[in-house]
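Structure first, then comments.
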Amino acid sequence: MVGAEGGAKGDAAWGGSPANGRPMERRLGLLSIPLALAVFFVDTFTDIESAIAVLYVLVLLLAATALSRRGILRVAAGCALLAVLSFFLSHWQDMDLSSVLRCGVSLAAILITGALLVRDHDSRTLLLRANGALARSEKRYRCMFEQARISLWEQDFTAVTAALDALRARGVTDLAAHAQADPGWARGMGALIRTTNVNDATVELLGAAGRPAVLGPLDRYLPAEDAAMLQVLLALWEKRDRFEGRAQLIAADGRTLTVLLGISFPDDCVGFDQVVVGVVDITQRERTQEALLAAQAELARAARAATLGALSASIAHELNQPLGAIVLNAQACLRWLRRDQPDIETAAKAADRIVRDGRRAADIVQRTRGMLVKDTHCDETIDLAQLVTEVGLLLERELSGGGAVLVTDFAPAPPVRGSRVGLQQVLVNLVTNGLHAMAEADSPRRELTVAIGSLEGGAQVRVAVRDRGRGIDEASHSRLFDPFFTTRPDGMGMGLAICRSTIESCGGTLTAHNHADGGAVFEFTIPAALPPSPKSLIEELIAQPPAVPLAAARED
């Protein structure tokens, strides 16, 4: 230990560093000493009339391999002093212009070479530091990569990016449409992605025999029906720097795993040969949530069925009496009219009772309808843009589970008057229907667009919800809002009927049509919440009695 410290101190004193201790470099550095003495001897004690001192450049070049920056400066200064000393010793008595010029050329060569060697040494030092930092960073990355308990993949995307560039060169602008025209294209692109390295957590996740079994083309682990591969390709096509989303993988034993993907893409064209992919297994959580949602859906369906049965029994009970009275009064009216001498007055009284009981039955129906929409009191001022944002947060899991994205297009629009709960339920129903439509159509581009705008100079506000499904067929269009009409085997057919009742109770309208570019559009308009006019405010203030009665005037 003491000898090593002494060697380091000796190097520092000479101007070197412990790092410059390689044998070959030390040998070359030692050769510079006799070379410098030889150049000094020839330049001083011979009659050769040339710039012999220029050979000190060779001394500098040999010595620089084993010296630090400070050592190079010292050797350059020493060589310059030897050249000047030799010049004065050999030309002190017969100094002329040519000898002075030769000495100046030699000194310039020595100083320029020294400066270049110092710059080269600084550049090499910076390069060594950068390489050292890179090596330490790579070591830390490898340590984290190996010890992470989440699945990490290193994948080569260069073939995929080349294929996408070729598509652009062919004039393809809509990648989703291209994938829809060629259903097997996305899976074929998955075969171009090659896995170059994985950690132990990945081997454990896939149940593979070892790392070599996982390396190679990625398509072995991709199910045919999973749409995540197309979403990754769309992220690459749009030059996004990352992708996050759900996907499915097929394990070595055939199990289907639901995972969360996190991919970071490089900012430039290089680096696609080592893309890091993070994978988190959420299979068990998804199964638990699916079981919970299925139980909730079954409970809600049973509750709706029970409510419908109770409502039907209530309606039947309420309508039974007026309908029975109508039948009895109609029979009595017919008997009075069929007499040989019809009693018109008594028959008219029976007809009046029929009208009375009919109105009573209508009142029962109206009251029952009011019970169905009892929470649609249109007395709240609502910002529809904020309401749509809240609905997006409520349905975040459903959107993510269906691989869909909620796109908003909000134009300036005034607030509306209505039931916040009722309008929120309408939006939830329409967005959920759009998700089901796109899932049934297996749409590659799953976007739900909610647009808001004003109509009639701001007196009406329009909200449109567009999906990317198959659209509405002609046979279903006329019955779309009828109660109990549904195209889904597990539907009850009450959602759209209640939505229309809710919108109409707030003074609006709900319609549906197909979009020209595909998919269905459900659109409702609702009156804007206009501020009261100044005249009405003044009239209201005048109409109000004073808060404190005026005391009667006293007479003294």
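In the structure tokens, chains take letters A, B, ... by order of appearance, with residues numbered from 1 within each chain and ligands from 1 in the order shown.
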Test item, strand (DSSP E or B) assignment across stretch 131-365 of chain A, answer as an mmCIF file with all heavy atoms, in the first residue's frame:
data_model
loop_
_atom_site.group_PDB
_atom_site.id
_atom_site.type_symbol
_atom_site.label_atom_id
_atom_site.label_comp_id
_atom_site.auth_asym_id
_atom_site.auth_seq_id
_atom_site.Cartn_x
_atom_site.Cartn_y
_atom_site.Cartn_z
ATOM 1 N N SER A 151 -41.865 -7.012 -15.061
ATOM 2 C CA SER A 151 -41.331 -7.579 -16.296
ATOM 3 C C SER A 151 -40.789 -6.467 -17.198
ATOM 4 O O SER A 151 -41.493 -5.508 -17.513
ATOM 5 C CB SER A 151 -42.433 -8.354 -17.020
ATOM 6 O OG SER A 151 -41.995 -8.773 -18.293
ATOM 7 N N LEU A 152 -39.519 -6.595 -17.591
ATOM 8 C CA LEU A 152 -38.873 -5.632 -18.486
ATOM 9 C C LEU A 152 -38.348 -6.371 -19.715
ATOM 10 O O LEU A 152 -37.736 -7.433 -19.604
ATOM 11 C CB LEU A 152 -37.725 -4.910 -17.783
ATOM 12 C CG LEU A 152 -38.111 -3.983 -16.615
ATOM 13 C CD1 LEU A 152 -36.873 -3.412 -15.972
ATOM 14 C CD2 LEU A 152 -39.017 -2.860 -17.104
ATOM 15 N N TRP A 153 -38.606 -5.786 -20.879
ATOM 16 C CA TRP A 153 -38.180 -6.353 -22.161
ATOM 17 C C TRP A 153 -37.319 -5.324 -22.890
ATOM 18 O O TRP A 153 -37.626 -4.142 -22.877
ATOM 19 C CB TRP A 153 -39.366 -6.698 -23.054
ATOM 20 C CG TRP A 153 -40.446 -7.544 -22.442
ATOM 21 C CD1 TRP A 153 -41.070 -7.354 -21.257
ATOM 22 C CD2 TRP A 153 -41.055 -8.705 -23.033
ATOM 23 N NE1 TRP A 153 -42.032 -8.312 -21.048
ATOM 24 C CE2 TRP A 153 -42.052 -9.153 -22.128
ATOM 25 C CE3 TRP A 153 -40.859 -9.393 -24.222
ATOM 26 C CZ2 TRP A 153 -42.831 -10.260 -22.394
ATOM 27 C CZ3 TRP A 153 -41.659 -10.499 -24.490
ATOM 28 C CH2 TRP A 153 -42.629 -10.935 -23.582
ATOM 29 N N GLU A 154 -36.275 -5.792 -23.558
ATOM 30 C CA GLU A 154 -35.547 -4.974 -24.529
ATOM 31 C C GLU A 154 -35.888 -5.517 -25.916
ATOM 32 O O GLU A 154 -35.690 -6.707 -26.186
ATOM 33 C CB GLU A 154 -34.038 -5.037 -24.280
ATOM 34 C CG GLU A 154 -33.562 -4.192 -23.125
ATOM 35 C CD GLU A 154 -32.055 -4.193 -22.993
ATOM 36 O OE1 GLU A 154 -31.397 -4.879 -23.794
ATOM 37 O OE2 GLU A 154 -31.526 -3.517 -22.102
ATOM 38 N N GLN A 155 -36.393 -4.625 -26.765
ATOM 39 C CA GLN A 155 -36.875 -5.077 -28.068
ATOM 40 C C GLN A 155 -36.300 -4.220 -29.187
ATOM 41 O O GLN A 155 -36.017 -3.021 -28.998
ATOM 42 C CB GLN A 155 -38.406 -5.047 -28.106
ATOM 43 C CG GLN A 155 -39.043 -6.045 -27.143
ATOM 44 C CD GLN A 155 -40.553 -6.022 -27.172
ATOM 45 O OE1 GLN A 155 -41.156 -5.004 -27.467
ATOM 46 N NE2 GLN A 155 -41.175 -7.132 -26.832
ATOM 47 N N ASP A 156 -36.166 -4.839 -30.334
ATOM 48 C CA ASP A 156 -35.619 -4.182 -31.529
ATOM 49 C C ASP A 156 -36.780 -3.817 -32.448
ATOM 50 O O ASP A 156 -37.461 -4.693 -32.993
ATOM 51 C CB ASP A 156 -34.642 -5.128 -32.230
ATOM 52 C CG ASP A 156 -33.940 -4.456 -33.398
ATOM 53 O OD1 ASP A 156 -34.275 -3.290 -33.709
ATOM 54 O OD2 ASP A 156 -33.058 -5.089 -34.011
ATOM 55 N N ARG A 194 -38.407 -7.884 -32.461
ATOM 56 C CA ARG A 194 -37.594 -8.965 -31.887
ATOM 57 C C ARG A 194 -37.190 -8.610 -30.463
ATOM 58 O O ARG A 194 -36.724 -7.503 -30.188
ATOM 59 C CB ARG A 194 -36.346 -9.215 -32.737
ATOM 60 C CG ARG A 194 -36.649 -9.590 -34.176
ATOM 61 C CD ARG A 194 -35.408 -10.056 -34.900
ATOM 62 N NE ARG A 194 -34.866 -11.265 -34.326
ATOM 63 C CZ ARG A 194 -35.282 -12.491 -34.607
ATOM 64 N NH1 ARG A 194 -36.274 -12.669 -35.465
ATOM 65 N NH2 ARG A 194 -34.720 -13.548 -34.046
ATOM 66 N N THR A 195 -37.386 -9.561 -29.570
ATOM 67 C CA THR A 195 -36.980 -9.393 -28.176
ATOM 68 C C THR A 195 -35.511 -9.771 -28.055
ATOM 69 O O THR A 195 -35.117 -10.893 -28.396
ATOM 70 C CB THR A 195 -37.834 -10.279 -27.259
ATOM 71 O OG1 THR A 195 -39.212 -9.947 -27.426
ATOM 72 C CG2 THR A 195 -37.442 -10.071 -25.812
ATOM 73 N N THR A 196 -34.693 -8.832 -27.579
ATOM 74 C CA THR A 196 -33.252 -9.057 -27.473
ATOM 75 C C THR A 196 -32.799 -9.384 -26.056
ATOM 76 O O THR A 196 -31.735 -9.978 -25.873
ATOM 77 C CB THR A 196 -32.489 -7.823 -27.981
ATOM 78 O OG1 THR A 196 -32.899 -6.672 -27.220
ATOM 79 C CG2 THR A 196 -32.797 -7.583 -29.454
ATOM 80 N N ASN A 197 -33.583 -9.000 -25.056
ATOM 81 C CA ASN A 197 -33.199 -9.298 -23.670
ATOM 82 C C ASN A 197 -34.423 -9.160 -22.773
ATOM 83 O O ASN A 197 -35.305 -8.344 -23.050
ATOM 84 C CB ASN A 197 -32.094 -8.353 -23.194
ATOM 85 C CG ASN A 197 -31.442 -8.851 -21.904
ATOM 86 O OD1 ASN A 197 -31.623 -9.995 -21.501
ATOM 87 N ND2 ASN A 197 -30.685 -7.984 -21.251
ATOM 88 N N VAL A 198 -34.486 -9.946 -21.728
ATOM 89 C CA VAL A 198 -35.550 -9.864 -20.721
ATOM 90 C C VAL A 198 -34.924 -10.090 -19.356
ATOM 91 O O VAL A 198 -33.804 -10.610 -19.243
ATOM 92 C CB VAL A 198 -36.679 -10.895 -20.970
ATOM 93 C CG1 VAL A 198 -37.403 -10.621 -22.267
ATOM 94 C CG2 VAL A 198 -36.115 -12.320 -20.951
ATOM 95 N N GLY A 216 -36.459 -13.487 -29.374
ATOM 96 C CA GLY A 216 -36.887 -13.750 -30.743
ATOM 97 C C GLY A 216 -38.115 -12.950 -31.119
ATOM 98 O O GLY A 216 -38.435 -11.930 -30.484
ATOM 99 N N PRO A 217 -38.843 -13.355 -32.163
ATOM 100 C CA PRO A 217 -40.025 -12.598 -32.614
ATOM 101 C C PRO A 217 -41.097 -12.514 -31.524
ATOM 102 O O PRO A 217 -41.309 -13.456 -30.755
ATOM 103 C CB PRO A 217 -40.523 -13.403 -33.825
ATOM 104 C CG PRO A 217 -39.332 -14.187 -34.275
ATOM 105 C CD PRO A 217 -38.539 -14.489 -33.045
ATOM 106 N N ARG A 242 -44.129 7.890 -26.215
ATOM 107 C CA ARG A 242 -44.441 6.782 -25.309
ATOM 108 C C ARG A 242 -45.794 6.186 -25.650
ATOM 109 O O ARG A 242 -46.598 6.794 -26.350
ATOM 110 C CB ARG A 242 -44.418 7.234 -23.853
ATOM 111 C CG ARG A 242 -45.533 8.190 -23.476
ATOM 112 C CD ARG A 242 -45.397 8.620 -22.029
ATOM 113 N NE ARG A 242 -44.121 9.292 -21.791
ATOM 114 C CZ ARG A 242 -43.620 9.544 -20.607
ATOM 115 N NH1 ARG A 242 -44.281 9.150 -19.532
ATOM 116 N NH2 ARG A 242 -42.475 10.165 -20.470
ATOM 117 N N PHE A 243 -46.005 4.993 -25.137
ATOM 118 C CA PHE A 243 -47.307 4.332 -25.270
ATOM 119 C C PHE A 243 -47.623 3.673 -23.945
ATOM 120 O O PHE A 243 -46.765 3.023 -23.331
ATOM 121 C CB PHE A 243 -47.282 3.282 -26.382
ATOM 122 C CG PHE A 243 -48.513 2.407 -26.389
ATOM 123 C CD1 PHE A 243 -49.699 2.854 -26.942
ATOM 124 C CD2 PHE A 243 -48.495 1.144 -25.800
ATOM 125 C CE1 PHE A 243 -50.835 2.069 -26.924
ATOM 126 C CE2 PHE A 243 -49.618 0.344 -25.787
ATOM 127 C CZ PHE A 243 -50.800 0.814 -26.354
ATOM 128 N N GLU A 244 -48.860 3.827 -23.501
ATOM 129 C CA GLU A 244 -49.352 3.165 -22.297
ATOM 130 C C GLU A 244 -50.741 2.613 -22.594
ATOM 131 O O GLU A 244 -51.568 3.312 -23.186
ATOM 132 C CB GLU A 244 -49.421 4.140 -21.114
ATOM 133 C CG GLU A 244 -48.067 4.669 -20.668
ATOM 134 C CD GLU A 244 -48.180 5.652 -19.522
ATOM 135 O OE1 GLU A 244 -49.330 5.976 -19.138
ATOM 136 O OE2 GLU A 244 -47.139 6.106 -19.025
ATOM 137 N N GLY A 245 -50.982 1.394 -22.189
ATOM 138 C CA GLY A 245 -52.297 0.810 -22.431
ATOM 139 C C GLY A 245 -52.350 -0.643 -21.998
ATOM 140 O O GLY A 245 -51.346 -1.247 -21.594
ATOM 141 N N ARG A 246 -53.544 -1.208 -22.108
ATOM 142 C CA ARG A 246 -53.755 -2.620 -21.770
ATOM 143 C C ARG A 246 -53.446 -3.482 -22.980
ATOM 144 O O ARG A 246 -53.615 -3.062 -24.120
ATOM 145 C CB ARG A 246 -55.199 -2.852 -21.331
ATOM 146 C CG ARG A 246 -55.468 -2.497 -19.871
ATOM 147 C CD ARG A 246 -56.933 -2.760 -19.541
ATOM 148 N NE ARG A 246 -57.210 -2.654 -18.124
ATOM 149 C CZ ARG A 246 -57.431 -1.522 -17.498
ATOM 150 N NH1 ARG A 246 -57.432 -0.396 -18.188
ATOM 151 N NH2 ARG A 246 -57.671 -1.493 -16.208
ATOM 152 N N ALA A 247 -53.023 -4.701 -22.705
ATOM 153 C CA ALA A 247 -52.753 -5.661 -23.776
ATOM 154 C C ALA A 247 -52.924 -7.062 -23.200
ATOM 155 O O ALA A 247 -53.150 -7.245 -21.998
ATOM 156 C CB ALA A 247 -51.352 -5.470 -24.344
ATOM 157 N N GLN A 248 -52.824 -8.032 -24.081
ATOM 158 C CA GLN A 248 -52.900 -9.429 -23.669
ATOM 159 C C GLN A 248 -51.680 -10.171 -24.212
ATOM 160 O O GLN A 248 -51.211 -9.895 -25.326
ATOM 161 C CB GLN A 248 -54.187 -10.083 -24.174
ATOM 162 C CG GLN A 248 -55.439 -9.615 -23.441
ATOM 163 C CD GLN A 248 -56.678 -10.383 -23.854
ATOM 164 O OE1 GLN A 248 -56.800 -10.829 -24.989
ATOM 165 N NE2 GLN A 248 -57.608 -10.539 -22.929
ATOM 166 N N LEU A 249 -51.169 -11.100 -23.418
ATOM 167 C CA LEU A 249 -50.050 -11.939 -23.805
ATOM 168 C C LEU A 249 -50.427 -13.390 -23.589
ATOM 169 O O LEU A 249 -51.236 -13.713 -22.712
ATOM 170 C CB LEU A 249 -48.801 -11.604 -22.978
ATOM 171 C CG LEU A 249 -48.188 -10.207 -23.149
ATOM 172 C CD1 LEU A 249 -47.033 -10.032 -22.176
ATOM 173 C CD2 LEU A 249 -47.723 -9.985 -24.567
ATOM 174 N N ILE A 250 -49.825 -14.255 -24.388
ATOM 175 C CA ILE A 250 -50.038 -15.698 -24.246
ATOM 176 C C ILE A 250 -48.797 -16.278 -23.581
ATOM 177 O O ILE A 250 -47.685 -16.164 -24.108
ATOM 178 C CB ILE A 250 -50.282 -16.359 -25.606
ATOM 179 C CG1 ILE A 250 -51.535 -15.774 -26.265
ATOM 180 C CG2 ILE A 250 -50.434 -17.867 -25.446
ATOM 181 C CD1 ILE A 250 -51.800 -16.314 -27.639
ATOM 182 N N THR A 256 -53.767 -16.932 -20.985
ATOM 183 C CA THR A 256 -53.909 -15.575 -21.519
ATOM 184 C C THR A 256 -53.769 -14.592 -20.366
ATOM 185 O O THR A 256 -54.524 -14.646 -19.395
ATOM 186 C CB THR A 256 -55.270 -15.383 -22.203
ATOM 187 O OG1 THR A 256 -55.376 -16.316 -23.290
ATOM 188 C CG2 THR A 256 -55.398 -13.968 -22.749
ATOM 189 N N LEU A 257 -52.788 -13.716 -20.460
ATOM 190 C CA LEU A 257 -52.488 -12.751 -19.411
ATOM 191 C C LEU A 257 -52.941 -11.368 -19.845
ATOM 192 O O LEU A 257 -52.741 -10.975 -20.999
ATOM 193 C CB LEU A 257 -50.982 -12.718 -19.123
ATOM 194 C CG LEU A 257 -50.314 -14.059 -18.771
ATOM 195 C CD1 LEU A 257 -48.811 -13.874 -18.666
ATOM 196 C CD2 LEU A 257 -50.873 -14.606 -17.473
ATOM 197 N N THR A 258 -53.565 -10.645 -18.939
ATOM 198 C CA THR A 258 -53.894 -9.235 -19.161
ATOM 199 C C THR A 258 -52.834 -8.387 -18.478
ATOM 200 O O THR A 258 -52.572 -8.563 -17.288
ATOM 201 C CB THR A 258 -55.282 -8.900 -18.600
ATOM 202 O OG1 THR A 258 -56.251 -9.768 -19.190
ATOM 203 C CG2 THR A 258 -55.650 -7.456 -18.905
ATOM 204 N N VAL A 259 -52.207 -7.497 -19.252
ATOM 205 C CA VAL A 259 -51.063 -6.739 -18.723
ATOM 206 C C VAL A 259 -51.237 -5.263 -19.059
ATOM 207 O O VAL A 259 -52.008 -4.880 -19.952
ATOM 208 C CB VAL A 259 -49.734 -7.255 -19.318
ATOM 209 C CG1 VAL A 259 -49.489 -8.696 -18.925
ATOM 210 C CG2 VAL A 259 -49.719 -7.103 -20.841
ATOM 211 N N LEU A 260 -50.497 -4.448 -18.309
ATOM 212 C CA LEU A 260 -50.345 -3.032 -18.610
ATOM 213 C C LEU A 260 -48.996 -2.832 -19.279
ATOM 214 O O LEU A 260 -47.962 -3.266 -18.761
ATOM 215 C CB LEU A 260 -50.424 -2.186 -17.337
ATOM 216 C CG LEU A 260 -51.801 -1.968 -16.715
ATOM 217 C CD1 LEU A 260 -51.663 -1.170 -15.430
ATOM 218 C CD2 LEU A 260 -52.725 -1.240 -17.681
ATOM 219 N N LEU A 261 -49.005 -2.174 -20.444
ATOM 220 C CA LEU A 261 -47.777 -1.927 -21.192
ATOM 221 C C LEU A 261 -47.329 -0.484 -20.997
ATOM 222 O O LEU A 261 -48.145 0.440 -20.991
ATOM 223 C CB LEU A 261 -47.986 -2.167 -22.686
ATOM 224 C CG LEU A 261 -48.143 -3.594 -23.185
ATOM 225 C CD1 LEU A 261 -48.280 -3.594 -24.684
ATOM 226 C CD2 LEU A 261 -46.953 -4.440 -22.778
ATOM 227 N N GLY A 262 -46.028 -0.291 -20.878
ATOM 228 C CA GLY A 262 -45.433 1.034 -20.878
ATOM 229 C C GLY A 262 -44.207 1.011 -21.764
ATOM 230 O O GLY A 262 -43.233 0.299 -21.481
ATOM 231 N N ILE A 263 -44.244 1.749 -22.880
ATOM 232 C CA ILE A 263 -43.156 1.735 -23.860
ATOM 233 C C ILE A 263 -42.671 3.164 -24.044
ATOM 234 O O ILE A 263 -43.473 4.074 -24.277
ATOM 235 C CB ILE A 263 -43.610 1.154 -25.217
ATOM 236 C CG1 ILE A 263 -44.271 -0.218 -25.023
ATOM 237 C CG2 ILE A 263 -42.436 1.039 -26.168
ATOM 238 C CD1 ILE A 263 -44.832 -0.800 -26.303
ATOM 239 N N SER A 264 -41.357 3.363 -23.969
ATOM 240 C CA SER A 264 -40.745 4.671 -24.242
ATOM 241 C C SER A 264 -39.978 4.575 -25.545
ATOM 242 O O SER A 264 -39.072 3.741 -25.680
ATOM 243 C CB SER A 264 -39.812 5.078 -23.101
ATOM 244 O OG SER A 264 -40.523 5.276 -21.903
ATOM 245 N N VAL A 275 -35.386 -0.686 -27.459
ATOM 246 C CA VAL A 275 -36.551 -0.064 -26.841
ATOM 247 C C VAL A 275 -36.936 -0.868 -25.600
ATOM 248 O O VAL A 275 -37.061 -2.095 -25.665
ATOM 249 C CB VAL A 275 -37.732 0.003 -27.831
ATOM 250 C CG1 VAL A 275 -38.967 0.569 -27.161
ATOM 251 C CG2 VAL A 275 -37.353 0.844 -29.043
ATOM 252 N N VAL A 276 -37.098 -0.174 -24.479
ATOM 253 C CA VAL A 276 -37.431 -0.841 -23.216
ATOM 254 C C VAL A 276 -38.949 -0.842 -23.041
ATOM 255 O O VAL A 276 -39.607 0.187 -23.167
ATOM 256 C CB VAL A 276 -36.755 -0.128 -22.030
ATOM 257 C CG1 VAL A 276 -37.133 -0.815 -20.720
ATOM 258 C CG2 VAL A 276 -35.246 -0.130 -22.202
ATOM 259 N N VAL A 277 -39.498 -2.001 -22.746
ATOM 260 C CA VAL A 277 -40.941 -2.190 -22.558
ATOM 261 C C VAL A 277 -41.175 -2.709 -21.135
ATOM 262 O O VAL A 277 -40.579 -3.715 -20.732
ATOM 263 C CB VAL A 277 -41.515 -3.185 -23.584
ATOM 264 C CG1 VAL A 277 -43.012 -3.359 -23.382
ATOM 265 C CG2 VAL A 277 -41.209 -2.716 -25.000
ATOM 266 N N GLY A 278 -42.005 -1.995 -20.387
ATOM 267 C CA GLY A 278 -42.384 -2.444 -19.053
ATOM 268 C C GLY A 278 -43.748 -3.127 -19.081
ATOM 269 O O GLY A 278 -44.678 -2.635 -19.718
ATOM 270 N N VAL A 279 -43.856 -4.259 -18.404
ATOM 271 C CA VAL A 279 -45.089 -5.058 -18.419
ATOM 272 C C VAL A 279 -45.484 -5.364 -16.977
ATOM 273 O O VAL A 279 -44.663 -5.878 -16.203
ATOM 274 C CB VAL A 279 -44.899 -6.367 -19.211
ATOM 275 C CG1 VAL A 279 -46.171 -7.196 -19.186
ATOM 276 C CG2 VAL A 279 -44.491 -6.070 -20.647
ATOM 277 N N VAL A 280 -46.731 -5.044 -16.628
ATOM 278 C CA VAL A 280 -47.257 -5.324 -15.290
ATOM 279 C C VAL A 280 -48.455 -6.259 -15.444
ATOM 280 O O VAL A 280 -49.399 -5.959 -16.194
ATOM 281 C CB VAL A 280 -47.680 -4.030 -14.562
ATOM 282 C CG1 VAL A 280 -48.255 -4.351 -13.195
ATOM 283 C CG2 VAL A 280 -46.491 -3.077 -14.435
ATOM 284 N N ASP A 281 -48.419 -7.373 -14.754
ATOM 285 C CA ASP A 281 -49.493 -8.372 -14.837
ATOM 286 C C ASP A 281 -50.681 -7.918 -13.980
ATOM 287 O O ASP A 281 -50.551 -7.727 -12.764
ATOM 288 C CB ASP A 281 -48.977 -9.721 -14.356
ATOM 289 C CG ASP A 281 -50.019 -10.826 -14.516
ATOM 290 O OD1 ASP A 281 -51.013 -10.584 -15.216
ATOM 291 O OD2 ASP A 281 -49.828 -11.912 -13.946
#
Name the residues in contact with A:Ala348 at a cut-off of 12 Å, using only C-alpha atoms, excluding same-chain residues fewer than 6 positions from it; report them as a PyMOL selection string.
chain A and resi 329-330+332-337+342+354-355
Run DSSP on the backbone and tell me which residues of stretch 188-217 of chain A come out as alpha helix (DSSP H); list them as a ChimeraX atom specification.
/A:188-190,200-206,211-214
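The two atoms in question, atom CA of A:Glu456 and atom CA of A:Ala529, are spaced 13.5 Å apart.
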Please list as a list in words every residue within 9 Å of A:Ala251, counting only C-alpha atoms and excluding residues in the same chain fewer than 5 positions away.
Leu205, Leu206, Gly207, Ala208, Tyr221, Thr256 and Leu257 of chain A
Give me a file of those residues, with N, CA and C atoms, as a short mmCIF file (atom, residue, chain, number, x, y, z; two decimals), in the first residue's frame.
data_model
loop_
_atom_site.label_atom_id
_atom_site.label_comp_id
_atom_site.auth_asym_id
_atom_site.auth_seq_id
_atom_site.Cartn_x
_atom_site.Cartn_y
_atom_site.Cartn_z
N LEU A 205 -43.05 -14.47 -15.41
CA LEU A 205 -44.39 -14.08 -15.86
C LEU A 205 -44.90 -15.01 -16.96
N LEU A 206 -44.04 -15.31 -17.92
CA LEU A 206 -44.46 -16.13 -19.06
C LEU A 206 -44.37 -17.62 -18.77
N GLY A 207 -43.76 -17.99 -17.65
CA GLY A 207 -43.60 -19.41 -17.36
C GLY A 207 -42.69 -20.11 -18.34
N ALA A 208 -41.67 -19.38 -18.84
CA ALA A 208 -40.76 -19.93 -19.83
C ALA A 208 -39.65 -20.74 -19.15
N TYR A 221 -46.20 -14.43 -28.62
CA TYR A 221 -46.90 -14.14 -27.38
C TYR A 221 -48.10 -13.22 -27.57
N THR A 256 -53.77 -16.93 -20.98
CA THR A 256 -53.91 -15.58 -21.52
C THR A 256 -53.77 -14.59 -20.37
N LEU A 257 -52.79 -13.72 -20.46
CA LEU A 257 -52.49 -12.75 -19.41
C LEU A 257 -52.94 -11.37 -19.84
#
Distance criterion (only C-alpha atoms): nearest to A:Asp379 out of A:Val421, A:Leu448, A:Leu480, A:Leu167
A:Val421
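Counting only C-alpha atoms and comparing A:Phe40, A:Phe45, A:Phe524, A:Trp237, the residue that lies closest to A:Gly78 is A:Phe40.
Atom pair atom CA of A:Gln460 / atom CA of A:Asp383: separated by 13.2 Å.
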